[in-house]
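As stored in structure-v6.tsv (TSV, C-alpha atoms and all ligand atoms):
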chain	number	residue	atom	x	y	z
A	1	MET	CA	-11.56	-52.59	-19.31
A	2	ALA	CA	-11.16	-48.94	-18.33
A	3	THR	CA	-14.43	-47.13	-17.74
A	4	TYR	CA	-12.97	-43.62	-17.77
A	5	ASP	CA	-10.55	-41.68	-19.95
A	6	LEU	CA	-8.90	-39.94	-17.00
A	7	ALA	CA	-9.01	-40.17	-13.23
A	8	ILE	CA	-7.61	-37.33	-11.12
A	9	ARG	CA	-6.87	-39.06	-7.85
A	10	GLY	CA	-5.85	-38.24	-4.32
A	11	GLY	CA	-6.45	-34.48	-4.21
A	12	GLU	CA	-8.69	-32.28	-2.10
A	13	VAL	CA	-11.72	-31.40	-4.23
A	14	ILE	CA	-13.34	-28.00	-3.73
A	15	ASP	CA	-16.48	-27.51	-5.82
A	16	PRO	CA	-18.52	-24.60	-4.46
A	17	ALA	CA	-21.38	-25.15	-6.93
A	18	THR	CA	-22.20	-28.48	-5.31
A	19	GLY	CA	-20.90	-27.71	-1.84
A	20	THR	CA	-18.35	-30.49	-2.18
A	21	ARG	CA	-15.09	-30.44	-0.27
A	22	GLY	CA	-12.98	-33.44	0.62
A	23	GLN	CA	-10.46	-36.08	-0.38
A	24	LEU	CA	-12.12	-37.26	-3.58
A	25	ASP	CA	-11.25	-38.51	-7.03
A	26	VAL	CA	-12.60	-37.06	-10.28
A	27	ALA	CA	-13.41	-39.37	-13.18
A	28	ILE	CA	-13.71	-38.04	-16.73
A	29	ARG	CA	-15.10	-39.57	-19.89
A	30	ASN	CA	-15.74	-38.06	-23.33
A	31	GLY	CA	-14.75	-34.60	-22.17
A	32	ARG	CA	-17.25	-34.51	-19.31
A	33	VAL	CA	-17.08	-35.14	-15.59
A	34	GLU	CA	-18.48	-38.61	-14.98
A	35	ALA	CA	-18.05	-39.05	-11.24
A	36	VAL	CA	-16.63	-37.42	-8.12
A	37	ALA	CA	-16.15	-40.06	-5.46
A	38	ALA	CA	-13.70	-41.53	-2.98
A	39	GLY	CA	-11.53	-44.45	-4.02
A	40	ILE	CA	-11.93	-44.54	-7.80
A	41	PRO	CA	-9.39	-47.25	-8.68
A	42	ALA	CA	-6.53	-46.45	-11.06
A	43	GLU	CA	-7.52	-49.41	-13.21
A	44	ALA	CA	-10.86	-47.76	-13.91
A	45	ALA	CA	-9.20	-45.14	-16.14
A	46	ARG	CA	-6.94	-45.23	-19.18
A	47	GLU	CA	-4.89	-42.39	-17.65
A	48	THR	CA	-4.47	-41.16	-14.13
A	49	TYR	CA	-3.20	-37.92	-12.64
A	50	ASP	CA	-1.87	-38.00	-9.10
A	51	ALA	CA	-3.14	-34.87	-7.31
A	52	THR	CA	-1.99	-35.94	-3.84
A	53	GLY	CA	-1.35	-32.91	-1.65
A	54	HIS	CA	-3.00	-30.54	-4.10
A	55	LEU	CA	-6.35	-28.81	-4.52
A	56	VAL	CA	-8.62	-30.00	-7.32
A	57	VAL	CA	-11.07	-27.30	-8.38
A	58	PRO	CA	-13.25	-26.63	-11.41
A	59	GLY	CA	-11.35	-24.95	-14.25
A	60	LEU	CA	-11.34	-21.25	-13.44
A	61	ILE	CA	-13.53	-18.77	-15.30
A	62	ASP	CA	-11.89	-15.38	-15.73
A	63	PHE	CA	-14.94	-13.14	-16.16
A	64	HIS	CA	-13.09	-10.09	-17.51
A	65	THR	CA	-10.22	-10.51	-19.98
A	66	HIS	CA	-9.01	-9.19	-23.34
A	67	VAL	CA	-7.88	-11.92	-25.69
A	68	TYR	CA	-8.39	-10.43	-29.15
A	69	HIS	CA	-4.65	-10.52	-29.79
A	70	GLY	CA	-3.05	-9.16	-32.91
A	71	ALA	CA	-5.85	-6.74	-33.77
A	72	THR	CA	-6.63	-4.72	-30.66
A	73	TYR	CA	-4.61	-2.53	-28.31
A	74	TRP	CA	-5.26	-4.61	-25.19
A	75	GLY	CA	-5.45	-8.20	-26.44
A	76	ILE	CA	-3.23	-11.05	-25.24
A	77	ASP	CA	-3.04	-14.68	-26.36
A	78	PRO	CA	-4.90	-16.66	-23.68
A	79	ASP	CA	-3.25	-20.05	-24.20
A	80	PRO	CA	0.20	-19.39	-22.65
A	81	VAL	CA	-1.51	-17.96	-19.55
A	82	ALA	CA	-4.22	-20.63	-19.41
A	83	SER	CA	-1.74	-23.48	-19.20
A	84	ARG	CA	0.03	-22.02	-16.15
A	85	THR	CA	-2.98	-20.62	-14.28
A	86	GLY	CA	-5.89	-23.05	-14.48
A	87	VAL	CA	-8.07	-20.53	-16.33
A	88	THR	CA	-10.03	-22.70	-18.72
A	89	THR	CA	-12.77	-20.22	-19.69
A	90	TRP	CA	-11.84	-16.69	-20.77
A	91	VAL	CA	-14.62	-14.16	-20.90
A	92	ASP	CA	-13.55	-11.39	-23.24
A	93	ALA	CA	-14.97	-8.06	-22.13
A	94	GLY	CA	-15.82	-6.14	-25.26
A	95	SER	CA	-12.59	-6.32	-27.24
A	96	ALA	CA	-14.66	-6.79	-30.39
A	97	GLY	CA	-17.64	-4.86	-31.67
A	98	ALA	CA	-20.00	-5.93	-34.41
A	99	THR	CA	-17.67	-5.11	-37.33
A	100	THR	CA	-14.52	-6.53	-35.75
A	101	TRP	CA	-16.21	-9.63	-34.28
A	102	PRO	CA	-15.90	-12.12	-37.19
A	103	ALA	CA	-12.08	-11.99	-37.21
A	104	PHE	CA	-11.98	-12.39	-33.43
A	105	ARG	CA	-14.20	-15.46	-33.62
A	106	ASP	CA	-12.43	-17.09	-36.56
A	107	TRP	CA	-8.77	-16.19	-35.94
A	108	CYS	CA	-8.48	-16.01	-32.16
A	109	ILE	CA	-11.31	-17.87	-30.46
A	110	ARG	CA	-11.60	-20.93	-32.71
A	111	PRO	CA	-7.84	-21.74	-32.67
A	112	ALA	CA	-7.54	-21.23	-28.89
A	113	ARG	CA	-7.11	-24.29	-26.70
A	114	ALA	CA	-8.76	-22.50	-23.79
A	115	ARG	CA	-12.48	-21.78	-24.02
A	116	VAL	CA	-13.37	-18.20	-24.93
A	117	VAL	CA	-16.76	-16.49	-24.79
A	118	ALA	CA	-17.26	-12.76	-25.21
A	119	PHE	CA	-19.27	-9.71	-24.37
A	120	LEU	CA	-19.74	-7.71	-27.57
A	121	ASN	CA	-18.86	-4.03	-27.35
A	122	ILE	CA	-21.76	-1.67	-28.05
A	123	SER	CA	-19.26	0.22	-30.22
A	124	THR	CA	-18.93	-1.42	-33.64
A	125	SER	CA	-15.12	-1.12	-33.55
A	126	GLY	CA	-14.67	-2.57	-30.08
A	127	LEU	CA	-11.29	-1.84	-28.50
A	128	ALA	CA	-9.12	-1.76	-31.61
A	129	SER	CA	-7.59	1.39	-30.17
A	130	ALA	CA	-6.96	1.99	-26.49
A	131	THR	CA	-9.73	4.53	-26.00
A	132	HIS	CA	-12.45	6.65	-27.61
A	133	GLU	CA	-14.57	3.79	-28.91
A	134	LEU	CA	-17.64	5.79	-27.79
A	135	ALA	CA	-16.66	9.04	-29.50
A	136	ALA	CA	-19.20	8.83	-32.34
A	137	LEU	CA	-22.74	7.84	-31.46
A	138	GLU	CA	-23.36	6.54	-35.00
A	139	ASN	CA	-20.93	3.72	-34.14
A	140	LEU	CA	-23.12	2.62	-31.23
A	141	ASP	CA	-25.74	0.59	-33.06
A	142	PRO	CA	-27.98	-1.45	-30.72
A	143	ASP	CA	-29.74	-3.22	-33.58
A	144	LEU	CA	-26.51	-4.40	-35.23
A	145	CYS	CA	-25.11	-5.37	-31.83
A	146	ALA	CA	-28.21	-7.44	-31.05
A	147	ARG	CA	-28.25	-9.09	-34.50
A	148	THR	CA	-24.57	-10.03	-34.18
A	149	ILE	CA	-25.21	-11.60	-30.77
A	150	ALA	CA	-28.26	-13.46	-32.06
A	151	ALA	CA	-26.15	-14.90	-34.90
A	152	ASN	CA	-23.55	-16.21	-32.45
A	153	PRO	CA	-25.49	-17.92	-29.68
A	154	GLY	CA	-23.52	-19.38	-26.80
A	155	ILE	CA	-20.30	-17.59	-27.71
A	156	LEU	CA	-21.49	-14.00	-27.41
A	157	VAL	CA	-22.82	-13.73	-23.88
A	158	GLY	CA	-23.73	-10.07	-23.37
A	159	VAL	CA	-22.97	-6.45	-24.18
A	160	LYS	CA	-20.00	-4.42	-22.89
A	161	VAL	CA	-19.78	-0.68	-22.43
A	162	ARG	CA	-17.04	1.42	-20.81
A	163	MET	CA	-18.53	4.29	-18.86
A	164	GLY	CA	-16.83	7.39	-17.59
A	165	ALA	CA	-14.55	10.33	-18.39
A	166	PRO	CA	-16.09	12.98	-20.67
A	167	ASP	CA	-13.00	13.11	-22.88
A	168	LEU	CA	-13.46	9.42	-23.67
A	169	ASN	CA	-17.26	9.32	-23.57
A	170	PRO	CA	-18.79	12.69	-24.44
A	171	HIS	CA	-22.30	11.24	-24.47
A	172	GLY	CA	-22.98	10.67	-20.78
A	173	LEU	CA	-25.39	7.81	-20.10
A	174	GLU	CA	-26.42	7.36	-23.75
A	175	PRO	CA	-23.87	4.58	-24.52
A	176	LEU	CA	-25.15	2.64	-21.50
A	177	ARG	CA	-28.75	3.14	-22.60
A	178	ARG	CA	-27.88	1.77	-26.05
A	179	ALA	CA	-26.02	-1.18	-24.52
A	180	ILE	CA	-29.07	-2.01	-22.41
A	181	THR	CA	-31.33	-1.73	-25.48
A	182	ALA	CA	-29.16	-4.28	-27.30
A	183	ALA	CA	-29.01	-6.52	-24.25
A	184	GLU	CA	-32.77	-6.44	-23.79
A	185	ALA	CA	-33.24	-7.46	-27.42
A	186	THR	CA	-31.08	-10.55	-26.84
A	187	GLY	CA	-32.14	-11.44	-23.30
A	188	LEU	CA	-28.54	-11.13	-22.12
A	189	PRO	CA	-26.76	-8.96	-19.53
A	190	VAL	CA	-24.58	-5.88	-19.89
A	191	MET	CA	-21.17	-5.48	-18.32
A	192	VAL	CA	-20.33	-1.91	-17.37
A	193	HIS	CA	-16.74	-0.73	-16.92
A	194	LEU	CA	-16.45	1.97	-14.26
A	195	GLY	CA	-13.93	4.65	-15.19
A	196	MET	CA	-13.66	8.25	-14.07
A	197	ALA	CA	-16.75	10.36	-13.32
A	198	PRO	CA	-18.85	11.86	-14.77
A	199	PRO	CA	-21.32	10.29	-15.06
A	200	SER	CA	-21.86	9.45	-11.42
A	201	ILE	CA	-21.81	5.82	-10.39
A	202	ASP	CA	-25.23	6.37	-8.81
A	203	ASP	CA	-26.74	7.26	-12.20
A	204	VAL	CA	-25.06	4.25	-13.84
A	205	VAL	CA	-26.16	1.59	-11.37
A	206	ALA	CA	-29.71	2.98	-11.28
A	207	LEU	CA	-30.12	1.78	-14.89
A	208	LEU	CA	-28.80	-1.73	-14.29
A	209	ARG	CA	-31.00	-4.79	-14.17
A	210	PRO	CA	-30.50	-7.96	-12.11
A	211	GLY	CA	-27.69	-9.93	-13.78
A	212	ASP	CA	-26.00	-6.88	-15.26
A	213	SER	CA	-22.49	-6.42	-13.90
A	214	ILE	CA	-20.17	-3.63	-12.91
A	215	THR	CA	-16.46	-4.30	-13.35
A	216	HIS	CA	-13.46	-2.53	-11.81
A	217	ALA	CA	-15.89	-2.42	-8.91
A	218	PHE	CA	-13.23	-1.87	-6.21
A	219	ASN	CA	-11.38	0.76	-8.23
A	220	GLY	CA	-11.00	3.62	-5.74
A	221	ASN	CA	-11.50	6.18	-8.52
A	222	SER	CA	-14.11	8.89	-8.92
A	223	MET	CA	-16.64	6.25	-10.01
A	224	GLY	CA	-15.98	4.24	-6.86
A	225	MET	CA	-18.53	2.27	-4.88
A	226	THR	CA	-17.73	3.97	-1.61
A	227	ALA	CA	-18.34	7.43	-0.20
A	228	SER	CA	-15.39	9.45	1.09
A	229	ASP	CA	-15.72	7.84	4.53
A	230	GLY	CA	-15.34	4.36	3.01
A	231	THR	CA	-18.97	3.28	3.40
A	232	ILE	CA	-20.81	1.85	0.42
A	233	ARG	CA	-22.90	4.37	-1.48
A	234	PRO	CA	-26.61	3.71	-0.84
A	235	ALA	CA	-27.43	3.67	-4.57
A	236	VAL	CA	-24.75	1.04	-5.18
A	237	ALA	CA	-25.90	-1.06	-2.24
A	238	ALA	CA	-29.48	-0.89	-3.53
A	239	ALA	CA	-28.48	-1.99	-7.06
A	240	TRP	CA	-26.31	-4.79	-5.64
A	241	ASP	CA	-29.17	-5.99	-3.46
A	242	ARG	CA	-31.46	-5.96	-6.52
A	243	GLY	CA	-29.14	-8.47	-8.25
A	244	MET	CA	-26.40	-6.46	-9.91
A	245	VAL	CA	-23.21	-8.55	-10.21
A	246	VAL	CA	-20.11	-6.98	-8.66
A	247	ASP	CA	-16.92	-7.98	-10.46
A	248	ILE	CA	-13.33	-7.11	-9.58
A	249	GLY	CA	-11.71	-6.61	-13.04
A	250	HIS	CA	-8.30	-5.86	-11.50
A	251	GLY	CA	-6.47	-4.70	-14.66
A	252	ALA	CA	-3.91	-1.92	-14.54
A	253	GLY	CA	-6.25	0.66	-12.97
A	254	GLY	CA	-9.21	-1.13	-11.46
A	255	PHE	CA	-8.28	-2.55	-8.06
A	256	SER	CA	-7.58	-0.87	-4.72
A	257	PHE	CA	-6.69	-2.79	-1.57
A	258	LEU	CA	-8.17	0.08	0.47
A	259	VAL	CA	-11.57	-0.28	-1.19
A	260	ALA	CA	-11.42	-4.08	-0.95
A	261	GLU	CA	-10.66	-3.87	2.76
A	262	ALA	CA	-13.50	-1.39	3.29
A	263	MET	CA	-15.97	-3.59	1.40
A	264	LEU	CA	-14.93	-6.79	3.21
A	265	ALA	CA	-15.21	-4.96	6.55
A	266	GLN	CA	-18.78	-4.06	5.61
A	267	GLY	CA	-19.60	-7.69	4.82
A	268	ARG	CA	-19.63	-7.07	1.08
A	269	PRO	CA	-17.15	-9.42	-0.63
A	270	PRO	CA	-17.18	-9.31	-4.44
A	271	ASP	CA	-19.47	-11.62	-6.38
A	272	VAL	CA	-16.82	-12.36	-9.00
A	273	ILE	CA	-13.02	-12.14	-8.90
A	274	SER	CA	-11.51	-11.47	-12.33
A	275	THR	CA	-8.29	-10.06	-13.72
A	276	ASP	CA	-9.14	-7.74	-16.63
A	277	LEU	CA	-6.04	-9.39	-18.06
A	278	HIS	CA	-4.59	-7.43	-20.97
A	279	GLN	CA	-1.28	-6.14	-22.34
A	280	LEU	CA	-0.85	-3.70	-19.45
A	281	ALA	CA	-1.91	-6.12	-16.69
A	282	VAL	CA	-0.40	-9.50	-17.58
A	283	ASN	CA	3.09	-8.45	-16.46
A	284	GLY	CA	1.86	-7.28	-13.08
A	285	PRO	CA	0.60	-6.39	-10.64
A	286	ALA	CA	-2.51	-8.35	-11.71
A	287	PHE	CA	-0.42	-11.11	-13.39
A	288	ASP	CA	-3.16	-13.74	-13.56
A	289	LEU	CA	-6.31	-15.03	-11.85
A	290	PRO	CA	-4.64	-17.21	-9.17
A	291	THR	CA	-2.61	-14.15	-8.13
A	292	VAL	CA	-5.71	-11.94	-7.88
A	293	MET	CA	-7.50	-14.71	-5.94
A	294	SER	CA	-4.49	-14.94	-3.62
A	295	LYS	CA	-4.83	-11.21	-2.90
A	296	PHE	CA	-8.28	-11.91	-1.47
A	297	LEU	CA	-6.86	-14.78	0.61
A	298	ALA	CA	-4.34	-12.24	1.95
A	299	LEU	CA	-7.26	-9.96	2.88
A	300	GLY	CA	-8.83	-12.76	4.91
A	301	MET	CA	-11.45	-14.22	2.58
A	302	GLY	CA	-11.85	-17.97	2.95
A	303	LEU	CA	-10.49	-20.38	0.34
A	304	GLU	CA	-13.88	-21.80	-0.63
A	305	ALA	CA	-15.36	-18.33	-1.03
A	306	VAL	CA	-12.45	-17.23	-3.20
A	307	VAL	CA	-12.74	-20.35	-5.38
A	308	ALA	CA	-16.48	-19.71	-5.73
A	309	CYS	CA	-15.77	-16.19	-7.00
A	310	ALA	CA	-13.75	-17.67	-9.89
A	311	THR	CA	-15.89	-20.74	-10.67
A	312	SER	CA	-19.54	-21.04	-9.64
A	313	ALA	CA	-20.22	-17.29	-9.44
A	314	PRO	CA	-19.05	-16.38	-12.95
A	315	ALA	CA	-20.76	-19.52	-14.29
A	316	ARG	CA	-24.01	-18.28	-12.77
A	317	ALA	CA	-23.46	-14.81	-14.22
A	318	LEU	CA	-23.02	-16.44	-17.63
A	319	GLY	CA	-26.07	-18.66	-17.17
A	320	ARG	CA	-23.91	-21.78	-17.63
A	321	ASP	CA	-24.41	-24.82	-15.41
A	322	ASP	CA	-21.87	-26.89	-17.37
A	323	LEU	CA	-18.92	-24.65	-16.46
A	324	GLY	CA	-17.28	-23.78	-13.15
A	325	THR	CA	-18.30	-27.02	-11.45
A	326	LEU	CA	-17.26	-30.67	-11.22
A	327	ARG	CA	-20.87	-31.82	-11.12
A	328	PRO	CA	-21.28	-35.02	-13.22
A	329	GLY	CA	-22.21	-34.00	-16.74
A	330	ALA	CA	-20.27	-30.72	-16.61
A	331	LEU	CA	-17.48	-30.01	-19.10
A	332	ALA	CA	-14.31	-31.64	-17.76
A	333	ASP	CA	-12.37	-28.44	-17.10
A	334	VAL	CA	-10.22	-29.01	-14.04
A	335	ALA	CA	-7.48	-26.98	-12.37
A	336	ILE	CA	-4.98	-28.44	-9.93
A	337	PHE	CA	-3.37	-26.05	-7.44
A	338	SER	CA	-0.77	-26.09	-4.76
A	339	LEU	CA	-1.66	-23.76	-1.90
A	340	ASP	CA	1.89	-22.65	-1.17
A	341	GLN	CA	2.65	-21.41	2.33
A	342	GLY	CA	5.20	-18.68	2.99
A	343	GLU	CA	5.52	-14.93	2.87
A	344	PHE	CA	4.11	-13.37	-0.27
A	345	ALA	CA	3.85	-9.68	-1.21
A	346	TYR	CA	0.89	-8.48	-3.29
A	347	TYR	CA	0.34	-5.06	-4.87
A	348	ASP	CA	-2.73	-3.21	-6.09
A	349	VAL	CA	-2.70	-0.89	-9.10
A	350	ARG	CA	-1.37	2.02	-7.04
A	351	GLY	CA	1.51	0.04	-5.59
A	352	VAL	CA	-0.16	-0.41	-2.19
A	353	ARG	CA	1.30	-3.60	-0.76
A	354	ARG	CA	-0.29	-6.28	1.38
A	355	ASP	CA	1.47	-9.41	2.60
A	356	GLY	CA	-0.09	-12.84	2.68
A	357	THR	CA	0.89	-16.27	3.92
A	358	SER	CA	-0.48	-18.33	1.04
A	359	ARG	CA	-0.44	-18.32	-2.72
A	360	LEU	CA	-2.39	-20.40	-5.20
A	361	ARG	CA	0.02	-21.97	-7.68
A	362	ASN	CA	-1.35	-23.89	-10.64
A	363	VAL	CA	0.30	-27.24	-11.27
A	364	ALA	CA	-1.92	-28.71	-13.99
A	365	THR	CA	-4.83	-27.59	-16.14
A	366	PHE	CA	-7.30	-29.68	-18.11
A	367	VAL	CA	-9.81	-28.47	-20.71
A	368	GLY	CA	-12.44	-31.01	-21.68
A	369	GLY	CA	-10.32	-33.67	-19.98
A	370	ALA	CA	-7.18	-32.83	-22.04
A	371	ARG	CA	-4.07	-31.45	-20.34
A	372	LEU	CA	-2.92	-28.00	-21.40
A	373	HIS	CA	0.82	-28.22	-21.65
A	374	PRO	CA	2.94	-25.15	-20.87
A	375	LEU	CA	3.70	-22.58	-23.56
A	376	PRO	CA	6.33	-19.83	-23.36
A	377	PRO	CA	5.00	-16.40	-22.36
A	378	SER	CA	3.94	-14.12	-25.19
A	379	ILE	CA	6.16	-11.23	-26.16
A	380	PRO	CA	4.60	-7.89	-25.15
A	381	ALA	CA	3.21	-5.79	-28.00
A	382	LEU	CA	5.50	-3.16	-29.50
A	383	TRP	CA	3.29	-0.37	-28.15
A	384	MET	CA	3.74	-1.58	-24.59
A	385	ALA	CA	6.43	-0.54	-22.14
A	386	PRO	CA	6.65	-1.76	-18.55
A	387	SER	CA	5.40	0.71	-15.97
A	388	ASP	CA	7.45	1.86	-13.01
A	389	LEU	CA	5.24	-0.26	-10.75
A	390	GLN	CA	5.76	-3.33	-12.93
A	391	ARG	CA	9.52	-2.83	-12.86
A	392	ARG	CA	9.45	-2.37	-9.09
A	393	VAL	CA	7.38	-5.51	-8.47
A	394	ALA	CA	9.56	-7.56	-10.81
A	395	ALA	CA	12.82	-6.21	-9.36
A	396	ALA	CA	11.62	-7.16	-5.87
A	397	GLY	CA	11.00	-10.69	-7.13
A	398	HIS	CA	7.31	-10.54	-6.21
A	399	VAL	CA	6.10	-12.44	-9.24
A	400	PRO	CA	4.14	-15.71	-9.31
A	401	ALA	CA	5.99	-19.01	-9.41
A	402	GLY	CA	6.83	-20.09	-12.93
A	403	TYR	CA	6.45	-16.56	-14.19
A	404	ARG	CA	9.12	-15.11	-16.47
A	405	TRP	CA	9.61	-11.33	-16.64
A	406	PRO	CA	9.58	-10.62	-20.38
A	407	TYR	CA	11.46	-7.34	-20.50
A	408	GLY	CA	14.97	-8.41	-19.53
A	409	ALA	CA	16.58	-7.67	-16.18
B	1	ZN	ZN	-11.26	-4.60	-19.54
Translate this structure into structure tokens?
Ligand SMILES: [Zn+2]
Amino acid sequence: MATYDLAIRGGEVIDPATGTRGQLDVAIRNGRVEAVAAGIPAEAARETYDATGHLVVPGLIDFHTHVYHGATYWGIDPDPVASRTGVTTWVDAGSAGATTWPAFRDWCIRPARARVVAFLNISTSGLASATHELAALENLDPDLCARTIAANPGILVGVKVRMGAPDLNPHGLEPLRRAITAAEATGLPVMVHLGMAPPSIDDVVALLRPGDSITHAFNGNSMGMTASDGTIRPAVAAAWDRGMVVDIGHGAGGFSFLVAEAMLAQGRPPDVISTDLHQLAVNGPAFDLPTVMSKFLALGMGLEAVVACATSAPARALGRDDLGTLRPGALADVAIFSLDQGEFAYYDVRGVRRDGTSRLRNVATFVGGARLHPLPPSIPALWMAPSDLQRRVAAAGHVPAGYRWPYGA
């Protein structure tokens, strides 16, 4: 009689959380990982998946996404992307605030096949509109934010605030202070978006506690991590060394190859690699998490380190030891990848191009031991138009395998 529901056999397992790498099989039962071992016989499982020649990694955690679709400016449906990218846990970064949260939970998160957890925006409205959620201080209610989080344990995982640009945030550091107040009341971290100064990045990171994160960290904007000579700002280095989490949050405006190269040259790879996937990023040049991970491979980061940045590191930042690992007992979220070899062009948000020789291509994705079957790509929202950079990248054919440009030729 079969012991397991599913055995994923013959692949090369990479599980940074446990330091495991090798030709191993993964056995799954009741939605959890049961064993990772060599030579698990096919007869031991009701179903088998042949992963020969492929990488078998924990289901990816995308630490910065926007998946409140249908009710916010940025939101996309995670399921069509999940099934072709191996992203099994989507961390929404503040799309909902306290008053827009219940619909997000009930109408987007619960029906999704991928897992979704969320940072709650300190602004009660969240990101219903593209910008200006911080315009009125009376909509930044730390008590209501904290009570909403307390009423939704395990699914709300922290507080989000977008900092920067006086036309968008006329209140300086006050929104961040209120976000930290709410976070302290719940024992959870804040995630801070870095936009355009002021305020200065030095003043922002000085307020952050260990476990709080900055996203769009390698942005190359006026709230960048580096001084004009490319060296890391001392205040940022100090906050990072105190335990601040440094997250990529690529998006449409948050990732510069020049900053990434400077940081890697200084021995400062990111803690977390994420996409900031939203309506303006999903059609390039971010595209999806395997593509953003592949950009770091092109910059010379090692495969295990890159996988860690999208599995064990975000799991740690979320305080979850049942995600982002294939340790027995963990949720059976598994992503199977081909590491394609060839010549691949990658672009940052300014159109700076770097060429790489490998690309992670997802070939199968399992959530809780169940296969996510492919879905057609979502149609872009009516308020979206492709950017010149997106058109250029698509016209050059530099899109991930299996990807379909949604705007016509
Ligand atoms: Zn975002």
Restrict the calculation to all atoms listed in the file, then for each residue of stretch 173-199 of chain A with any atom at most 12 Å from an atom of stretch 307-318 of chain A give the closest atom pair and their distance in Å to one decimal, rows by chain and rising residue number, as CSV.
residue,atom,partner,partner_atom,distance
A:Gly187,CA,A:Leu318,CA,11.8
A:Leu188,CA,A:Leu318,CA,8.9
A:Pro189,CA,A:Ala317,CA,8.6
A:Val190,CA,A:Ala317,CA,10.6
A:Met191,CA,A:Ala317,CA,10.4
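The two atoms in question, atom CA of A:Gln279 and atom CA of A:Leu127, are spaced 12.5 Å apart.
When all atoms listed in the file are used to measure the gap to ligand ZN 1 (chain B), the shortest distance among A:Arg242, A:His64, A:Arg84, A:Arg359 belongs to A:His64.
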Restrict the calculation to only C-alpha atoms and all ligand atoms, then for each residue of chain A with any atom at most 7 Å from an atom of ligand ZN 1 (chain B) give the closest atom pair and their distance in Å to one decimal, rows by chain and rising residue number, as JSON lines.
{"residue": "A:His64", "atom": "CA", "partner": "B:ZN1", "partner_atom": "ZN", "distance": 6.1}
{"residue": "A:Thr65", "atom": "CA", "partner": "B:ZN1", "partner_atom": "ZN", "distance": 6.0}
{"residue": "A:His66", "atom": "CA", "partner": "B:ZN1", "partner_atom": "ZN", "distance": 6.4}
{"residue": "A:Ala93", "atom": "CA", "partner": "B:ZN1", "partner_atom": "ZN", "distance": 5.7}
{"residue": "A:Gly249", "atom": "CA", "partner": "B:ZN1", "partner_atom": "ZN", "distance": 6.8}
{"residue": "A:Gly251", "atom": "CA", "partner": "B:ZN1", "partner_atom": "ZN", "distance": 6.8}
{"residue": "A:Asp276", "atom": "CA", "partner": "B:ZN1", "partner_atom": "ZN", "distance": 4.8}
Ref. answer, residues at most 12 Å from (10.2, -11.1, -5.1) with only C-alpha atoms, as a ChimeraX atom specification: /A:343-347,355,390-401,403,405
Please, which residues are within 12 Å of (-8.3, 5.4, -26.4) by the file's coordinates, counting only C-alpha atoms, and could they come as a PyMOL selection string? chain A and resi 72-74+125-135+162+165+167-169
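Between atom CA of A:Val87 and atom CA of A:Gly254 the interatomic distance comes to 20.0 Å.
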Spatial neighbours of A:Thr357, max dist 10 Å, only C-alpha atoms, sep filter under 5 positions, as a short mmCIF file (atom, residue, chain, number, x, y, z; two decimals) with C-alpha atoms, keeping the file's coordinate frame:
data_model
loop_
_atom_site.label_atom_id
_atom_site.label_comp_id
_atom_site.auth_asym_id
_atom_site.auth_seq_id
_atom_site.Cartn_x
_atom_site.Cartn_y
_atom_site.Cartn_z
CA SER A 294 -4.49 -14.94 -3.62
CA LEU A 297 -6.86 -14.78 0.61
CA ALA A 298 -4.34 -12.24 1.95
CA LEU A 339 -1.66 -23.76 -1.90
CA ASP A 340 1.89 -22.65 -1.17
CA GLN A 341 2.65 -21.41 2.33
CA GLY A 342 5.20 -18.68 2.99
CA GLU A 343 5.52 -14.93 2.87
CA PHE A 344 4.11 -13.37 -0.27
CA ALA A 345 3.85 -9.68 -1.21
#
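Of the listed residues A:Pro285, A:Gly97, A:Gly172, A:Gly164, the one whose atoms come nearest to A:Asp141 is A:Gly97, with distances taken using only C-alpha atoms.
Considering the residues A:Asp203, A:Asp25, A:Asp322, A:Asp92 and counting only C-alpha atoms, A:Arg233 has its shortest atom-to-atom contact with A:Asp203.
Atom CA of A:Val33 is found 14.3 Å from atom CA of A:Glu47.
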